[in-house]
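A.B. asks: There's a structure below that I have some questions on.
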Amino acid sequence: MRTTYLVIGHASMAMGFLGIFVPLLPTTPFILLAAACYSRGSTRFHTWLHAHPRFGPMISAWHEHGAIGLRSKIAATIMVAASITYSTIRLDAPWNVAALLIGGAVLTFLLSRPTAGPAIQGGRIEDR
């Protein structure tokens, strides 16, 4: 089972890395999945990922506070809103209604999460 978690973790890291360069491919969910897989599959990779200067703070904010970074939250909100708009224009009923409901649920979840600011102090997330 550890090998399966390690393979999925590596694949998730590869997809997350590609997401840095490919505009519509998300980075954050793949990195979070890799962190979850590495926690069960490899102590070495789990420690490396948490200590990574770029990904470590994002993972810590999510694990400790369920928070999403401001830039990520803004980008995701714009992309979901654009997808909802495009879907409602291009799809026929009832699919456009389904797109509205699913997009609304995703936006509700996204905007209900705390925003991870540059500093996490005293157990609270602070925006600056």
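Ordered as shown in the structure tokens, chains take letters A, B, and onward, while each chain numbers its residues from 1 and ligands are numbered from 1 in the order shown.
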Please give the complete set of residues from chain A that DSSP, run on the backbone, assigns to helix (DSSP H, G or I), formatted as number ranges by chain.
C.D. replies: A: 2-21, 28-41, 43-51, 56-65, 70-90, 95-112
A.B. asks: Could you name the residues that touch segment 68-78 of chain A at 7 Å or less, counting only C-alpha atoms, but leaving out those on the same chain fewer than 4 positions away, as a PyMOL selection string?
C.D. replies: chain A and resi 62+82+107+113-117
A.B. asks: Any idea what's packed within 9 Å of Asn96 of chain A, counting only C-alpha atoms, ignoring anything in its chain fewer than 6 positions away? Could you give it as JSON, numbers by chain?
C.D. replies: {"A": [84, 87, 88, 89, 90]}
A.B. asks: What would the file look like if the residues just selected were written as a tab-separated table (two decimals), in the first residue's frame with C-alpha atoms?
C.D. replies:
```
chain	number	residue	atom	x	y	z
A	84	ILE	CA	-20.28	29.16	-14.88
A	87	SER	CA	-21.54	26.94	-19.30
A	88	THR	CA	-24.83	28.79	-18.85
A	89	ILE	CA	-24.43	30.44	-22.25
A	90	ARG	CA	-23.34	27.34	-24.18
```
A.B. asks: Taking the chain letters and numbering used in this document, name the residues of segment 5-126 of chain A that DSSP puts in strand (DSSP E or B), as a list in words.
C.D. replies: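 Everything in segment 5-126 of chain A that counts as strand (DSSP E or B) is Ile68, Gly69, Thr115, Ala116, Ala119, Ile120, Gln121, Arg124, Ile125 and Glu126 of chain A.
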A.B. asks: Name the closest residue to Met1 of chain A among the candidates A:Cys37, A:Ala105, A:Met13, A:Leu100; distances are taken between atoms, counting only C-alpha atoms.
C.D. replies: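 With only C-alpha atoms as the atom set, the closest residue is A:Cys37.
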A.B. asks: Quick one: residues within 12 Å of Ser60 of chain A, only C-alpha atoms counted, chain neighbours fewer than 2 positions away excluded, as JSON, numbers by chain?
C.D. replies: {"A": [31, 32, 35, 36, 46, 47, 49, 50, 51, 52, 53, 54, 55, 56, 57, 58, 62, 63, 64, 65, 66, 67, 68, 69, 116, 119, 120, 123, 125]}
A.B. asks: Output N, CA and C atoms for every residue in the selection just made, as a PDB file, in the first residue's frame.
C.D. replies:
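Output contents, as saved in part-v1.pdb:
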```pdb
ATOM      1  N   ILE A  31      -0.951  19.372  -5.163  1.00  0.00           N
ATOM      2  CA  ILE A  31       0.072  19.426  -4.122  1.00  0.00           C
ATOM      3  C   ILE A  31      -0.508  18.928  -2.796  1.00  0.00           C
ATOM      4  N   LEU A  32      -1.742  19.303  -2.488  1.00  0.00           N
ATOM      5  CA  LEU A  32      -2.384  18.817  -1.261  1.00  0.00           C
ATOM      6  C   LEU A  32      -2.590  17.303  -1.313  1.00  0.00           C
ATOM      7  N   ALA A  35       0.741  15.725  -0.652  1.00  0.00           N
ATOM      8  CA  ALA A  35       1.069  15.773   0.782  1.00  0.00           C
ATOM      9  C   ALA A  35       0.339  14.674   1.540  1.00  0.00           C
ATOM     10  N   ALA A  36      -0.935  14.464   1.218  1.00  0.00           N
ATOM     11  CA  ALA A  36      -1.704  13.413   1.891  1.00  0.00           C
ATOM     12  C   ALA A  36      -1.133  12.036   1.567  1.00  0.00           C
ATOM     13  N   HIS A  46       7.386  13.368   2.525  1.00  0.00           N
ATOM     14  CA  HIS A  46       6.462  14.168   3.331  1.00  0.00           C
ATOM     15  C   HIS A  46       7.216  15.318   4.008  1.00  0.00           C
ATOM     16  N   THR A  47       8.356  14.999   4.605  1.00  0.00           N
ATOM     17  CA  THR A  47       9.174  16.026   5.259  1.00  0.00           C
ATOM     18  C   THR A  47       9.691  17.034   4.242  1.00  0.00           C
ATOM     19  N   LEU A  49       8.367  17.898   1.367  1.00  0.00           N
ATOM     20  CA  LEU A  49       7.282  18.743   0.862  1.00  0.00           C
ATOM     21  C   LEU A  49       6.872  19.797   1.886  1.00  0.00           C
ATOM     22  N   HIS A  50       6.813  19.418   3.162  1.00  0.00           N
ATOM     23  CA  HIS A  50       6.453  20.387   4.205  1.00  0.00           C
ATOM     24  C   HIS A  50       7.535  21.438   4.420  1.00  0.00           C
ATOM     25  N   ALA A  51       8.780  21.091   4.128  1.00  0.00           N
ATOM     26  CA  ALA A  51       9.876  22.046   4.285  1.00  0.00           C
ATOM     27  C   ALA A  51      10.119  22.865   3.019  1.00  0.00           C
ATOM     28  N   HIS A  52       9.430  22.548   1.936  1.00  0.00           N
ATOM     29  CA  HIS A  52       9.622  23.255   0.667  1.00  0.00           C
ATOM     30  C   HIS A  52       9.236  24.727   0.835  1.00  0.00           C
ATOM     31  N   PRO A  53      10.077  25.657   0.358  1.00  0.00           N
ATOM     32  CA  PRO A  53       9.772  27.080   0.557  1.00  0.00           C
ATOM     33  C   PRO A  53       8.516  27.564  -0.160  1.00  0.00           C
ATOM     34  N   ARG A  54       8.151  26.949  -1.268  1.00  0.00           N
ATOM     35  CA  ARG A  54       6.975  27.390  -2.027  1.00  0.00           C
ATOM     36  C   ARG A  54       5.702  26.660  -1.584  1.00  0.00           C
ATOM     37  N   PHE A  55       5.798  25.351  -1.418  1.00  0.00           N
ATOM     38  CA  PHE A  55       4.613  24.545  -1.130  1.00  0.00           C
ATOM     39  C   PHE A  55       4.354  24.347   0.360  1.00  0.00           C
ATOM     40  N   GLY A  56       5.400  24.382   1.170  1.00  0.00           N
ATOM     41  CA  GLY A  56       5.256  24.138   2.605  1.00  0.00           C
ATOM     42  C   GLY A  56       4.258  25.053   3.309  1.00  0.00           C
ATOM     43  N   PRO A  57       4.351  26.382   3.127  1.00  0.00           N
ATOM     44  CA  PRO A  57       3.394  27.270   3.792  1.00  0.00           C
ATOM     45  C   PRO A  57       1.944  27.033   3.350  1.00  0.00           C
ATOM     46  N   MET A  58       1.743  26.724   2.076  1.00  0.00           N
ATOM     47  CA  MET A  58       0.399  26.458   1.566  1.00  0.00           C
ATOM     48  C   MET A  58      -0.177  25.208   2.234  1.00  0.00           C
ATOM     49  N   TRP A  62      -3.344  25.007   5.016  1.00  0.00           N
ATOM     50  CA  TRP A  62      -4.517  24.162   4.801  1.00  0.00           C
ATOM     51  C   TRP A  62      -4.703  23.167   5.946  1.00  0.00           C
ATOM     52  N   HIS A  63      -3.610  22.507   6.341  1.00  0.00           N
ATOM     53  CA  HIS A  63      -3.709  21.493   7.391  1.00  0.00           C
ATOM     54  C   HIS A  63      -4.056  22.087   8.749  1.00  0.00           C
ATOM     55  N   GLU A  64      -3.486  23.228   9.079  1.00  0.00           N
ATOM     56  CA  GLU A  64      -3.675  23.805  10.408  1.00  0.00           C
ATOM     57  C   GLU A  64      -4.940  24.644  10.521  1.00  0.00           C
ATOM     58  N   HIS A  65      -5.314  25.322   9.434  1.00  0.00           N
ATOM     59  CA  HIS A  65      -6.428  26.278   9.521  1.00  0.00           C
ATOM     60  C   HIS A  65      -7.505  26.083   8.460  1.00  0.00           C
ATOM     61  N   GLY A  66      -7.294  25.189   7.510  1.00  0.00           N
ATOM     62  CA  GLY A  66      -8.246  25.030   6.413  1.00  0.00           C
ATOM     63  C   GLY A  66      -8.286  26.269   5.534  1.00  0.00           C
ATOM     64  N   ALA A  67      -7.152  26.976   5.455  1.00  0.00           N
ATOM     65  CA  ALA A  67      -7.097  28.261   4.766  1.00  0.00           C
ATOM     66  C   ALA A  67      -6.537  28.129   3.357  1.00  0.00           C
ATOM     67  N   ILE A  68      -6.961  29.058   2.509  1.00  0.00           N
ATOM     68  CA  ILE A  68      -6.508  29.137   1.124  1.00  0.00           C
ATOM     69  C   ILE A  68      -5.873  30.507   0.931  1.00  0.00           C
ATOM     70  N   GLY A  69      -4.746  30.545   0.244  1.00  0.00           N
ATOM     71  CA  GLY A  69      -4.047  31.802  -0.012  1.00  0.00           C
ATOM     72  C   GLY A  69      -4.899  32.773  -0.825  1.00  0.00           C
ATOM     73  N   ALA A 116      -5.562  32.690   3.876  1.00  0.00           N
ATOM     74  CA  ALA A 116      -4.223  32.625   4.458  1.00  0.00           C
ATOM     75  C   ALA A 116      -3.452  33.851   4.007  1.00  0.00           C
ATOM     76  N   ALA A 119       1.119  36.116   7.103  1.00  0.00           N
ATOM     77  CA  ALA A 119       1.580  35.725   8.441  1.00  0.00           C
ATOM     78  C   ALA A 119       0.522  34.898   9.144  1.00  0.00           C
ATOM     79  N   ILE A 120       0.959  33.843   9.745  1.00  0.00           N
ATOM     80  CA  ILE A 120       0.093  33.051  10.593  1.00  0.00           C
ATOM     81  C   ILE A 120       0.659  33.173  11.985  1.00  0.00           C
ATOM     82  N   GLY A 123      -1.829  31.134  16.245  1.00  0.00           N
ATOM     83  CA  GLY A 123      -2.901  30.198  15.928  1.00  0.00           C
ATOM     84  C   GLY A 123      -3.985  30.790  15.056  1.00  0.00           C
ATOM     85  N   ILE A 125      -4.984  33.173  11.493  1.00  0.00           N
ATOM     86  CA  ILE A 125      -4.501  33.628  10.197  1.00  0.00           C
ATOM     87  C   ILE A 125      -4.801  35.119  10.098  1.00  0.00           C
TER      88      ILE A 125
END
```
A.B. asks: Just how far from atom CA of Val80 of chain A is atom CA of Asp92 of chain A, in Å to one decimal?
C.D. replies: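 Rounded to one decimal, the two atoms are 18.7 Å apart.
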